[in-house]
$ cat model-v4.cif   # mmCIF, C-alpha atoms
data_structure
#
loop_
_atom_site.group_PDB
_atom_site.id
_atom_site.type_symbol
_atom_site.label_atom_id
_atom_site.label_comp_id
_atom_site.auth_asym_id
_atom_site.auth_seq_id
_atom_site.Cartn_x
_atom_site.Cartn_y
_atom_site.Cartn_z
ATOM 1 C CA MET A 1 24.390 133.582 -94.801
ATOM 2 C CA ILE A 2 21.309 135.803 -95.057
ATOM 3 C CA THR A 3 21.473 139.406 -93.836
ATOM 4 C CA PRO A 4 21.381 139.428 -90.036
ATOM 5 C CA ASP A 5 18.506 140.950 -88.096
ATOM 6 C CA PRO A 6 19.595 144.537 -87.241
ATOM 7 C CA SER A 7 17.697 144.425 -83.916
ATOM 8 C CA LEU A 8 19.995 141.656 -82.646
ATOM 9 C CA PRO A 9 23.531 141.953 -81.336
ATOM 10 C CA ALA A 10 26.350 140.847 -83.607
ATOM 11 C CA PRO A 11 27.481 137.236 -83.259
ATOM 12 C CA LEU A 12 30.046 136.655 -80.522
ATOM 13 C CA VAL A 13 33.267 135.020 -81.670
ATOM 14 C CA THR A 14 35.472 132.856 -79.440
ATOM 15 C CA GLY A 15 38.460 130.689 -80.288
ATOM 16 C CA ARG A 16 36.325 127.849 -81.697
ATOM 17 C CA LEU A 17 32.761 129.145 -81.802
ATOM 18 C CA SER A 18 30.562 131.812 -83.268
ATOM 19 C CA LEU A 19 27.551 132.456 -81.060
ATOM 20 C CA VAL A 20 24.606 133.421 -83.246
ATOM 21 C CA PRO A 21 21.691 135.300 -81.630
ATOM 22 C CA VAL A 22 18.315 133.893 -82.681
ATOM 23 C CA GLY A 23 15.755 136.288 -84.118
ATOM 24 C CA ARG A 24 12.231 135.674 -85.426
ATOM 25 C CA ASP A 25 13.167 134.216 -88.808
ATOM 26 C CA LEU A 26 15.742 131.828 -87.397
ATOM 27 C CA ALA A 27 13.448 130.759 -84.551
ATOM 28 C CA ARG A 28 10.657 129.950 -87.012
ATOM 29 C CA ALA A 29 13.086 128.129 -89.329
ATOM 30 C CA LEU A 30 14.398 125.999 -86.459
ATOM 31 C CA LEU A 31 10.809 124.821 -85.947
ATOM 32 C CA SER A 32 9.964 123.910 -89.500
ATOM 33 C CA ASP A 33 12.753 124.255 -92.054
ATOM 34 C CA ARG A 34 16.228 123.004 -91.128
ATOM 35 C CA ARG A 35 17.653 124.058 -94.507
ATOM 36 C CA ALA A 36 16.520 127.663 -94.007
ATOM 37 C CA ALA A 37 17.726 127.537 -90.389
ATOM 38 C CA ALA A 38 21.162 126.403 -91.561
ATOM 39 C CA GLU A 39 21.330 129.261 -94.048
ATOM 40 C CA LEU A 40 20.256 131.814 -91.429
ATOM 41 C CA ALA A 41 22.673 130.416 -88.827
ATOM 42 C CA GLY A 42 25.598 130.241 -91.246
ATOM 43 C CA GLY A 43 26.220 126.534 -90.831
ATOM 44 C CA ALA A 44 24.667 123.090 -90.986
ATOM 45 C CA ILE A 45 22.414 122.045 -88.113
ATOM 46 C CA HIS A 46 23.716 118.928 -86.323
ATOM 47 C CA ARG A 47 21.269 116.024 -86.645
ATOM 48 C CA ASP A 48 20.926 115.833 -82.833
ATOM 49 C CA PHE A 49 20.149 119.540 -82.426
ATOM 50 C CA PRO A 50 18.041 120.696 -80.710
ATOM 51 C CA ASP A 51 17.711 118.307 -77.792
ATOM 52 C CA PRO A 52 14.150 117.417 -76.664
ATOM 53 C CA ASP A 53 14.145 120.064 -73.902
ATOM 54 C CA LEU A 54 15.057 122.925 -76.243
ATOM 55 C CA ALA A 55 12.762 121.567 -78.967
ATOM 56 C CA ALA A 56 9.872 121.775 -76.502
ATOM 57 C CA LYS A 57 10.720 125.403 -75.646
ATOM 58 C CA LEU A 58 11.281 126.666 -79.210
ATOM 59 C CA PRO A 59 7.597 127.211 -80.112
ATOM 60 C CA ALA A 60 7.055 129.487 -77.098
ATOM 61 C CA PHE A 61 10.285 131.372 -77.813
ATOM 62 C CA ALA A 62 9.286 131.890 -81.470
ATOM 63 C CA GLN A 63 5.823 133.054 -80.393
ATOM 64 C CA ARG A 64 7.375 135.525 -77.935
ATOM 65 C CA LEU A 65 9.459 137.001 -80.776
ATOM 66 C CA ASP A 66 6.384 137.190 -83.023
ATOM 67 C CA ASP A 67 4.373 138.888 -80.282
ATOM 68 C CA ALA A 68 7.158 141.398 -79.601
ATOM 69 C CA ALA A 69 7.083 142.419 -83.268
ATOM 70 C CA ASN A 70 3.287 142.620 -83.514
ATOM 71 C CA PRO A 71 2.180 146.286 -83.512
ATOM 72 C CA ALA A 72 -1.439 145.226 -82.950
ATOM 73 C CA LEU A 73 -0.505 144.152 -79.404
ATOM 74 C CA GLY A 74 0.610 147.682 -78.561
ATOM 75 C CA HIS A 75 1.935 148.122 -75.017
ATOM 76 C CA THR A 76 0.802 144.601 -74.080
ATOM 77 C CA ALA A 77 3.417 143.034 -76.367
ATOM 78 C CA PRO A 78 6.395 141.444 -74.623
ATOM 79 C CA LEU A 79 9.708 143.207 -75.061
ATOM 80 C CA ASP A 80 11.921 141.946 -77.865
ATOM 81 C CA PRO A 81 14.702 140.063 -76.059
ATOM 82 C CA ALA A 82 17.387 141.626 -78.344
ATOM 83 C CA GLY A 83 20.063 139.145 -77.314
ATOM 84 C CA TRP A 84 18.521 138.148 -73.992
ATOM 85 C CA GLY A 85 17.126 134.987 -75.564
ATOM 86 C CA LEU A 86 18.571 132.058 -77.482
ATOM 87 C CA TRP A 87 22.091 131.929 -78.977
ATOM 88 C CA LEU A 88 23.312 129.084 -81.199
ATOM 89 C CA PHE A 89 26.826 127.634 -80.908
ATOM 90 C CA ARG A 90 28.306 127.367 -84.413
ATOM 91 C CA TYR A 91 31.452 125.216 -84.206
ATOM 92 C CA THR A 92 33.822 126.996 -86.568
ATOM 93 C CA ALA A 93 35.923 123.931 -87.486
ATOM 94 C CA GLU A 94 32.838 122.150 -88.852
ATOM 95 C CA ARG A 95 30.625 125.157 -89.714
ATOM 96 C CA MET A 96 27.886 123.375 -87.779
ATOM 97 C CA ILE A 97 25.411 124.285 -85.050
ATOM 98 C CA VAL A 98 26.295 121.926 -82.202
ATOM 99 C CA GLY A 99 24.621 123.546 -79.204
ATOM 100 C CA ALA A 100 22.983 126.592 -77.739
ATOM 101 C CA ALA A 101 22.644 128.702 -74.648
ATOM 102 C CA SER A 102 19.946 131.113 -73.636
ATOM 103 C CA PHE A 103 18.947 133.713 -71.148
ATOM 104 C CA THR A 104 15.383 133.625 -69.860
ATOM 105 C CA GLY A 105 15.183 137.367 -70.493
ATOM 106 C CA PRO A 106 16.904 140.639 -69.654
ATOM 107 C CA PRO A 107 18.014 141.377 -66.086
ATOM 108 C CA ASN A 108 15.156 141.156 -63.582
ATOM 109 C CA ALA A 109 14.463 143.762 -60.873
ATOM 110 C CA SER A 110 17.384 142.354 -58.856
ATOM 111 C CA GLY A 111 19.699 142.518 -61.863
ATOM 112 C CA GLU A 112 19.847 138.734 -62.304
ATOM 113 C CA VAL A 113 19.797 136.898 -65.629
ATOM 114 C CA GLU A 114 19.293 133.152 -65.845
ATOM 115 C CA LEU A 115 21.460 131.066 -68.174
ATOM 116 C CA GLY A 116 20.700 127.649 -69.645
ATOM 117 C CA TYR A 117 22.678 125.626 -72.190
ATOM 118 C CA GLN A 118 22.901 122.375 -74.159
ATOM 119 C CA ILE A 119 25.331 120.734 -76.559
ATOM 120 C CA VAL A 120 24.888 117.674 -78.765
ATOM 121 C CA PRO A 121 26.380 114.488 -77.287
ATOM 122 C CA ALA A 122 28.978 114.081 -80.056
ATOM 123 C CA HIS A 123 30.535 117.460 -79.133
ATOM 124 C CA ARG A 124 30.577 117.103 -75.362
ATOM 125 C CA ARG A 125 33.753 116.927 -73.273
ATOM 126 C CA ARG A 126 35.558 119.372 -75.568
ATOM 127 C CA GLY A 127 35.089 122.529 -73.503
ATOM 128 C CA LEU A 128 32.716 124.068 -76.048
ATOM 129 C CA THR A 129 29.948 124.674 -73.520
ATOM 130 C CA VAL A 130 32.312 126.489 -71.160
ATOM 131 C CA GLU A 131 33.749 128.493 -74.059
ATOM 132 C CA GLY A 132 30.348 129.558 -75.373
ATOM 133 C CA CYS A 133 28.795 130.266 -71.987
ATOM 134 C CA SER A 134 31.853 132.252 -70.921
ATOM 135 C CA ALA A 135 31.341 134.580 -73.889
ATOM 136 C CA LEU A 136 27.639 134.969 -73.056
ATOM 137 C CA VAL A 137 28.356 135.686 -69.391
ATOM 138 C CA ALA A 138 30.823 138.394 -70.439
ATOM 139 C CA TRP A 139 28.212 139.787 -72.853
ATOM 140 C CA ALA A 140 25.614 139.857 -70.048
ATOM 141 C CA PHE A 141 27.948 141.752 -67.718
ATOM 142 C CA HIS A 142 28.478 144.441 -70.370
ATOM 143 C CA ASP A 143 24.976 145.558 -69.410
ATOM 144 C CA SER A 144 25.349 147.621 -66.242
ATOM 145 C CA ALA A 145 21.928 146.396 -65.060
ATOM 146 C CA THR A 146 23.273 142.834 -64.723
ATOM 147 C CA THR A 147 24.354 142.127 -61.148
ATOM 148 C CA ALA A 148 24.584 138.327 -61.389
ATOM 149 C CA VAL A 149 24.101 135.381 -63.713
ATOM 150 C CA ILE A 150 22.187 132.473 -62.187
ATOM 151 C CA ALA A 151 21.677 128.882 -63.303
ATOM 152 C CA ASP A 152 20.368 125.582 -62.038
ATOM 153 C CA CYS A 153 20.933 121.934 -62.896
ATOM 154 C CA ALA A 154 19.993 118.475 -61.711
ATOM 155 C CA ASP A 155 22.114 117.383 -58.763
ATOM 156 C CA ASP A 156 23.214 114.258 -60.658
ATOM 157 C CA ASN A 157 24.248 116.130 -63.830
ATOM 158 C CA VAL A 158 28.001 115.931 -63.254
ATOM 159 C CA ALA A 159 28.871 117.573 -66.588
ATOM 160 C CA SER A 160 26.676 120.584 -65.870
ATOM 161 C CA VAL A 161 28.036 120.905 -62.340
ATOM 162 C CA ARG A 162 31.588 120.919 -63.736
ATOM 163 C CA THR A 163 30.641 123.437 -66.435
ATOM 164 C CA LEU A 164 29.231 125.854 -63.869
ATOM 165 C CA GLN A 165 32.235 125.407 -61.596
ATOM 166 C CA LYS A 166 34.634 126.097 -64.488
ATOM 167 C CA LEU A 167 32.665 129.260 -65.280
ATOM 168 C CA GLY A 168 33.183 130.439 -61.702
ATOM 169 C CA PHE A 169 29.629 129.941 -60.420
ATOM 170 C CA THR A 170 29.096 129.161 -56.736
ATOM 171 C CA GLN A 171 26.437 126.721 -55.630
ATOM 172 C CA GLU A 172 23.988 128.599 -53.409
ATOM 173 C CA ARG A 173 21.520 125.893 -52.445
ATOM 174 C CA ALA A 174 20.043 122.514 -53.283
ATOM 175 C CA VAL A 175 16.288 121.983 -53.509
ATOM 176 C CA ARG A 176 14.484 118.816 -54.618
ATOM 177 C CA GLU A 177 17.373 117.235 -56.519
ATOM 178 C CA ARG A 178 18.407 120.558 -58.151
ATOM 179 C CA PHE A 179 21.443 122.717 -57.513
ATOM 180 C CA PHE A 180 21.104 126.493 -57.796
ATOM 181 C CA TRP A 181 24.147 128.523 -58.823
ATOM 182 C CA ARG A 182 25.187 132.194 -58.891
ATOM 183 C CA LEU A 183 27.965 134.176 -60.522
ATOM 184 C CA PRO A 184 28.097 137.771 -59.245
ATOM 185 C CA ARG A 185 29.319 140.656 -61.396
ATOM 186 C CA PRO A 186 33.107 140.811 -61.246
ATOM 187 C CA THR A 187 34.417 143.659 -59.124
#

$ encode --input "model-v4.cif" --output "structure tokens"
Amino acid sequence: MITPDPSLPAPLVTGRLSLVPVGRDLARALLSDRRAAAELAGGAIHRDFPDPDLAAKLPAFAQRLDDAANPALGHTAPLDPAGWGLWLFRYTAERMIVGAASFTGPPNASGEVELGYQIVPAHRRRGLTVEGCSALVAWAFHDSATTAVIADCADDNVASVRTLQKLGFTQERAVRERFFWRLPRPT
């Protein structure tokens, strides 16, 4: 594995996963060079990763990281997410990237962070999403500014509903075929 980006948090390690924070080089490699991405992530990239939704979001995420590092943008540059962005799920048993989760950014003015996640179909129903997201939720609550983690999913996405329930989220409302969830900071 190539030397990690010192501006990023260290990978998070669970029983079966290493969660790898995505910096500029890895984000760019995920877009154009799977071999380099595998080297940066410390494991092969599953053929079904990323899913179409994440693939559509990767260019904007990579651009945000580039803009944050661009001194020419001065105070107009977005903040470097420094962990409040994308994390890859490296399945230790296979040394392979099989999924990811991300925050949409650091805590907002209300202290909320939004969490999203995906895992390749061949690795679903193994508890890996719950395991990885649980580690990220704990990481988020280490920041005293975080008051709650929020998420949403389609109302017919049974797997996502079960994942959020297992993580301890409570459904707050349903709007236009979407469920909105909240997990407050533990007391």

$ closest_atom_pairs --input "model-v4.cif" --of "stretch 17-103 of chain A" --to "stretch 113-129 of chain A" --cutoff "7 Å" --atoms "only C-alpha atoms" --output "JSON lines"
{"residue": "A:Asp48", "atom": "CA", "partner": "A:Val120", "partner_atom": "CA", "distance": 6.0}
{"residue": "A:Phe49", "atom": "CA", "partner": "A:Val120", "partner_atom": "CA", "distance": 6.3}
{"residue": "A:Val98", "atom": "CA", "partner": "A:Val120", "partner_atom": "CA", "distance": 5.6}
{"residue": "A:Gly99", "atom": "CA", "partner": "A:Ile119", "partner_atom": "CA", "distance": 3.9}
{"residue": "A:Ala100", "atom": "CA", "partner": "A:Gln118", "partner_atom": "CA", "distance": 5.5}
{"residue": "A:Ala101", "atom": "CA", "partner": "A:Tyr117", "partner_atom": "CA", "distance": 3.9}
{"residue": "A:Ser102", "atom": "CA", "partner": "A:Gly116", "partner_atom": "CA", "distance": 5.3}
{"residue": "A:Phe103", "atom": "CA", "partner": "A:Leu115", "partner_atom": "CA", "distance": 4.7}

$ atom_distance --input "model-v4.cif" --atom1 "atom CA of A:Trp84" --atom2 "atom CA of A:Arg28"
17.3 Å

$ residues_around --input "model-v4.cif" --residues "A:Gly168" --least-positions-apart "5" --cutoff "10 Å" --atoms "only C-alpha atoms" --output "mmCIF file with C-alpha atoms, in the frame of the given file"
data_model
loop_
_atom_site.group_PDB
_atom_site.id
_atom_site.type_symbol
_atom_site.label_atom_id
_atom_site.label_comp_id
_atom_site.auth_asym_id
_atom_site.auth_seq_id
_atom_site.Cartn_x
_atom_site.Cartn_y
_atom_site.Cartn_z
ATOM 1 C CA SER A 134 31.853 132.252 -70.921
ATOM 2 C CA ARG A 162 31.588 120.919 -63.736
ATOM 3 C CA THR A 163 30.641 123.437 -66.435
ATOM 4 C CA TRP A 181 24.147 128.523 -58.823
ATOM 5 C CA ARG A 182 25.187 132.194 -58.891
ATOM 6 C CA LEU A 183 27.965 134.176 -60.522
ATOM 7 C CA PRO A 184 28.097 137.771 -59.245
#

$ resolve_selection --input "model-v4.cif" --expression "the PyMOL selection byres ((chain A and resi 20-26) around 10)" --output "PDB file with C-alpha atoms, in the coordinates of the input"
ATOM      1  CA  PRO A   4      21.381 139.428 -90.036  1.00  0.00           C
ATOM      2  CA  ASP A   5      18.506 140.950 -88.096  1.00  0.00           C
ATOM      3  CA  PRO A   6      19.595 144.537 -87.241  1.00  0.00           C
ATOM      4  CA  SER A   7      17.697 144.425 -83.916  1.00  0.00           C
ATOM      5  CA  LEU A   8      19.995 141.656 -82.646  1.00  0.00           C
ATOM      6  CA  PRO A   9      23.531 141.953 -81.336  1.00  0.00           C
ATOM      7  CA  ALA A  10      26.350 140.847 -83.607  1.00  0.00           C
ATOM      8  CA  PRO A  11      27.481 137.236 -83.259  1.00  0.00           C
ATOM      9  CA  LEU A  12      30.046 136.655 -80.522  1.00  0.00           C
ATOM     10  CA  VAL A  13      33.267 135.020 -81.670  1.00  0.00           C
ATOM     11  CA  LEU A  17      32.761 129.145 -81.802  1.00  0.00           C
ATOM     12  CA  SER A  18      30.562 131.812 -83.268  1.00  0.00           C
ATOM     13  CA  LEU A  19      27.551 132.456 -81.060  1.00  0.00           C
ATOM     14  CA  ALA A  27      13.448 130.759 -84.551  1.00  0.00           C
ATOM     15  CA  ARG A  28      10.657 129.950 -87.012  1.00  0.00           C
ATOM     16  CA  ALA A  29      13.086 128.129 -89.329  1.00  0.00           C
ATOM     17  CA  LEU A  30      14.398 125.999 -86.459  1.00  0.00           C
ATOM     18  CA  LEU A  31      10.809 124.821 -85.947  1.00  0.00           C
ATOM     19  CA  ASP A  33      12.753 124.255 -92.054  1.00  0.00           C
ATOM     20  CA  ARG A  34      16.228 123.004 -91.128  1.00  0.00           C
ATOM     21  CA  ALA A  36      16.520 127.663 -94.007  1.00  0.00           C
ATOM     22  CA  ALA A  37      17.726 127.537 -90.389  1.00  0.00           C
ATOM     23  CA  ALA A  38      21.162 126.403 -91.561  1.00  0.00           C
ATOM     24  CA  GLU A  39      21.330 129.261 -94.048  1.00  0.00           C
ATOM     25  CA  LEU A  40      20.256 131.814 -91.429  1.00  0.00           C
ATOM     26  CA  ALA A  41      22.673 130.416 -88.827  1.00  0.00           C
ATOM     27  CA  GLY A  42      25.598 130.241 -91.246  1.00  0.00           C
ATOM     28  CA  PHE A  61      10.285 131.372 -77.813  1.00  0.00           C
ATOM     29  CA  ALA A  62       9.286 131.890 -81.470  1.00  0.00           C
ATOM     30  CA  GLN A  63       5.823 133.054 -80.393  1.00  0.00           C
ATOM     31  CA  ARG A  64       7.375 135.525 -77.935  1.00  0.00           C
ATOM     32  CA  LEU A  65       9.459 137.001 -80.776  1.00  0.00           C
ATOM     33  CA  ASP A  66       6.384 137.190 -83.023  1.00  0.00           C
ATOM     34  CA  ASP A  67       4.373 138.888 -80.282  1.00  0.00           C
ATOM     35  CA  ALA A  68       7.158 141.398 -79.601  1.00  0.00           C
ATOM     36  CA  ALA A  69       7.083 142.419 -83.268  1.00  0.00           C
ATOM     37  CA  ASP A  80      11.921 141.946 -77.865  1.00  0.00           C
ATOM     38  CA  PRO A  81      14.702 140.063 -76.059  1.00  0.00           C
ATOM     39  CA  ALA A  82      17.387 141.626 -78.344  1.00  0.00           C
ATOM     40  CA  GLY A  83      20.063 139.145 -77.314  1.00  0.00           C
ATOM     41  CA  TRP A  84      18.521 138.148 -73.992  1.00  0.00           C
ATOM     42  CA  GLY A  85      17.126 134.987 -75.564  1.00  0.00           C
ATOM     43  CA  LEU A  86      18.571 132.058 -77.482  1.00  0.00           C
ATOM     44  CA  TRP A  87      22.091 131.929 -78.977  1.00  0.00           C
ATOM     45  CA  LEU A  88      23.312 129.084 -81.199  1.00  0.00           C
ATOM     46  CA  PHE A  89      26.826 127.634 -80.908  1.00  0.00           C
ATOM     47  CA  ARG A  90      28.306 127.367 -84.413  1.00  0.00           C
ATOM     48  CA  ILE A  97      25.411 124.285 -85.050  1.00  0.00           C
ATOM     49  CA  ALA A 100      22.983 126.592 -77.739  1.00  0.00           C
ATOM     50  CA  ALA A 101      22.644 128.702 -74.648  1.00  0.00           C
ATOM     51  CA  SER A 102      19.946 131.113 -73.636  1.00  0.00           C
TER      52      SER A 102
END

$ axis_aligned_box --input "model-v4.cif" --around "stretch 106-123 of chain A" --padding-each-side "6 Å" --output "JSON"
{"center_x": 22.5, "center_y": 128.9, "center_z": -69.5, "size_x": 28.1, "size_y": 41.7, "size_z": 33.2}

$ atom_distance --input "model-v4.cif" --atom1 "atom CA of A:Thr170" --atom2 "atom CA of A:Ala138"
16.6 Å

$ atom_distance --input "model-v4.cif" --atom1 "atom CA of A:Asp143" --atom2 "atom CA of A:Glu112"
11.1 Å

$ decode --input "model-v4.cif" --residues "stretch 105-181 of chain A" --atoms "C-alpha atoms" --output "PDB file, in the first residue's frame"
ATOM      1  CA  GLY A 105     -19.711  16.546   5.256  1.00  0.00           C
ATOM      2  CA  PRO A 106     -18.801  17.528   8.803  1.00  0.00           C
ATOM      3  CA  PRO A 107     -21.525  18.263  11.362  1.00  0.00           C
ATOM      4  CA  ASN A 108     -23.914  20.996  10.221  1.00  0.00           C
ATOM      5  CA  ALA A 109     -25.041  23.921  12.410  1.00  0.00           C
ATOM      6  CA  SER A 110     -27.390  21.549  14.265  1.00  0.00           C
ATOM      7  CA  GLY A 111     -24.607  19.023  14.811  1.00  0.00           C
ATOM      8  CA  GLU A 112     -26.051  16.484  12.361  1.00  0.00           C
ATOM      9  CA  VAL A 113     -24.038  14.382   9.922  1.00  0.00           C
ATOM     10  CA  GLU A 114     -25.682  12.414   7.136  1.00  0.00           C
ATOM     11  CA  LEU A 115     -24.587   8.842   6.419  1.00  0.00           C
ATOM     12  CA  GLY A 116     -24.983   6.874   3.196  1.00  0.00           C
ATOM     13  CA  TYR A 117     -23.675   3.412   2.309  1.00  0.00           C
ATOM     14  CA  GLN A 118     -23.523   0.670  -0.328  1.00  0.00           C
ATOM     15  CA  ILE A 119     -22.142  -2.846  -0.612  1.00  0.00           C
ATOM     16  CA  VAL A 120     -21.712  -5.057  -3.671  1.00  0.00           C
ATOM     17  CA  PRO A 121     -24.499  -7.625  -4.111  1.00  0.00           C
ATOM     18  CA  ALA A 122     -22.192 -10.632  -3.642  1.00  0.00           C
ATOM     19  CA  HIS A 123     -21.308  -9.440  -0.107  1.00  0.00           C
ATOM     20  CA  ARG A 124     -24.775  -8.523   1.112  1.00  0.00           C
ATOM     21  CA  ARG A 125     -26.582 -10.312   3.942  1.00  0.00           C
ATOM     22  CA  ARG A 126     -23.331 -10.862   5.849  1.00  0.00           C
ATOM     23  CA  GLY A 127     -23.620  -7.967   8.296  1.00  0.00           C
ATOM     24  CA  LEU A 128     -20.728  -6.081   6.699  1.00  0.00           C
ATOM     25  CA  THR A 129     -22.734  -2.904   6.149  1.00  0.00           C
ATOM     26  CA  VAL A 130     -23.839  -2.809   9.785  1.00  0.00           C
ATOM     27  CA  GLU A 131     -20.287  -3.542  10.937  1.00  0.00           C
ATOM     28  CA  GLY A 132     -18.734  -0.809   8.804  1.00  0.00           C
ATOM     29  CA  CYS A 133     -21.401   1.803   9.466  1.00  0.00           C
ATOM     30  CA  SER A 134     -21.269   1.095  13.197  1.00  0.00           C
ATOM     31  CA  ALA A 135     -17.563   1.965  13.202  1.00  0.00           C
ATOM     32  CA  LEU A 136     -18.224   5.171  11.245  1.00  0.00           C
ATOM     33  CA  VAL A 137     -21.056   6.212  13.560  1.00  0.00           C
ATOM     34  CA  ALA A 138     -18.746   5.721  16.550  1.00  0.00           C
ATOM     35  CA  TRP A 139     -16.046   7.735  14.748  1.00  0.00           C
ATOM     36  CA  ALA A 140     -18.549  10.547  14.080  1.00  0.00           C
ATOM     37  CA  PHE A 141     -19.590  10.704  17.735  1.00  0.00           C
ATOM     38  CA  HIS A 142     -15.951  11.127  18.795  1.00  0.00           C
ATOM     39  CA  ASP A 143     -16.363  14.667  17.481  1.00  0.00           C
ATOM     40  CA  SER A 144     -18.119  16.622  20.224  1.00  0.00           C
ATOM     41  CA  ALA A 145     -19.859  18.752  17.571  1.00  0.00           C
ATOM     42  CA  THR A 146     -21.836  15.711  16.366  1.00  0.00           C
ATOM     43  CA  THR A 147     -25.268  15.595  17.996  1.00  0.00           C
ATOM     44  CA  ALA A 148     -26.892  13.048  15.666  1.00  0.00           C
ATOM     45  CA  VAL A 149     -26.306  10.899  12.608  1.00  0.00           C
ATOM     46  CA  ILE A 150     -29.113  11.011  10.047  1.00  0.00           C
ATOM     47  CA  ALA A 151     -29.896   8.863   7.018  1.00  0.00           C
ATOM     48  CA  ASP A 152     -32.645   8.213   4.523  1.00  0.00           C
ATOM     49  CA  CYS A 153     -33.645   5.323   2.285  1.00  0.00           C
ATOM     50  CA  ALA A 154     -36.389   4.281  -0.090  1.00  0.00           C
ATOM     51  CA  ASP A 155     -39.425   2.974   1.769  1.00  0.00           C
ATOM     52  CA  ASP A 156     -39.248  -0.310  -0.164  1.00  0.00           C
ATOM     53  CA  ASN A 157     -35.534  -0.913   0.527  1.00  0.00           C
ATOM     54  CA  VAL A 158     -36.011  -3.607   3.168  1.00  0.00           C
ATOM     55  CA  ALA A 159     -32.272  -4.279   3.542  1.00  0.00           C
ATOM     56  CA  SER A 160     -31.511  -0.623   4.219  1.00  0.00           C
ATOM     57  CA  VAL A 161     -34.396  -0.336   6.671  1.00  0.00           C
ATOM     58  CA  ARG A 162     -33.053  -3.362   8.569  1.00  0.00           C
ATOM     59  CA  THR A 163     -29.504  -1.975   8.500  1.00  0.00           C
ATOM     60  CA  LEU A 164     -30.620   1.316  10.029  1.00  0.00           C
ATOM     61  CA  GLN A 165     -32.725  -0.455  12.641  1.00  0.00           C
ATOM     62  CA  LYS A 166     -29.784  -2.689  13.620  1.00  0.00           C
ATOM     63  CA  LEU A 167     -27.623   0.427  13.979  1.00  0.00           C
ATOM     64  CA  GLY A 168     -30.161   1.867  16.418  1.00  0.00           C
ATOM     65  CA  PHE A 169     -31.640   4.566  14.171  1.00  0.00           C
ATOM     66  CA  THR A 170     -35.255   5.621  14.700  1.00  0.00           C
ATOM     67  CA  GLN A 171     -37.492   6.434  11.770  1.00  0.00           C
ATOM     68  CA  GLU A 172     -38.604  10.052  12.124  1.00  0.00           C
ATOM     69  CA  ARG A 173     -40.839  10.519   9.104  1.00  0.00           C
ATOM     70  CA  ALA A 174     -41.794   9.294   5.654  1.00  0.00           C
ATOM     71  CA  VAL A 175     -41.978  11.655   2.684  1.00  0.00           C
ATOM     72  CA  ARG A 176     -42.603  10.716  -0.955  1.00  0.00           C
ATOM     73  CA  GLU A 177     -41.613   7.053  -0.702  1.00  0.00           C
ATOM     74  CA  ARG A 178     -38.542   7.805   1.482  1.00  0.00           C
ATOM     75  CA  PHE A 179     -37.953   7.085   5.146  1.00  0.00           C
ATOM     76  CA  PHE A 180     -35.886   9.535   7.190  1.00  0.00           C
ATOM     77  CA  TRP A 181     -33.904   8.218  10.152  1.00  0.00           C
TER      78      TRP A 181
END
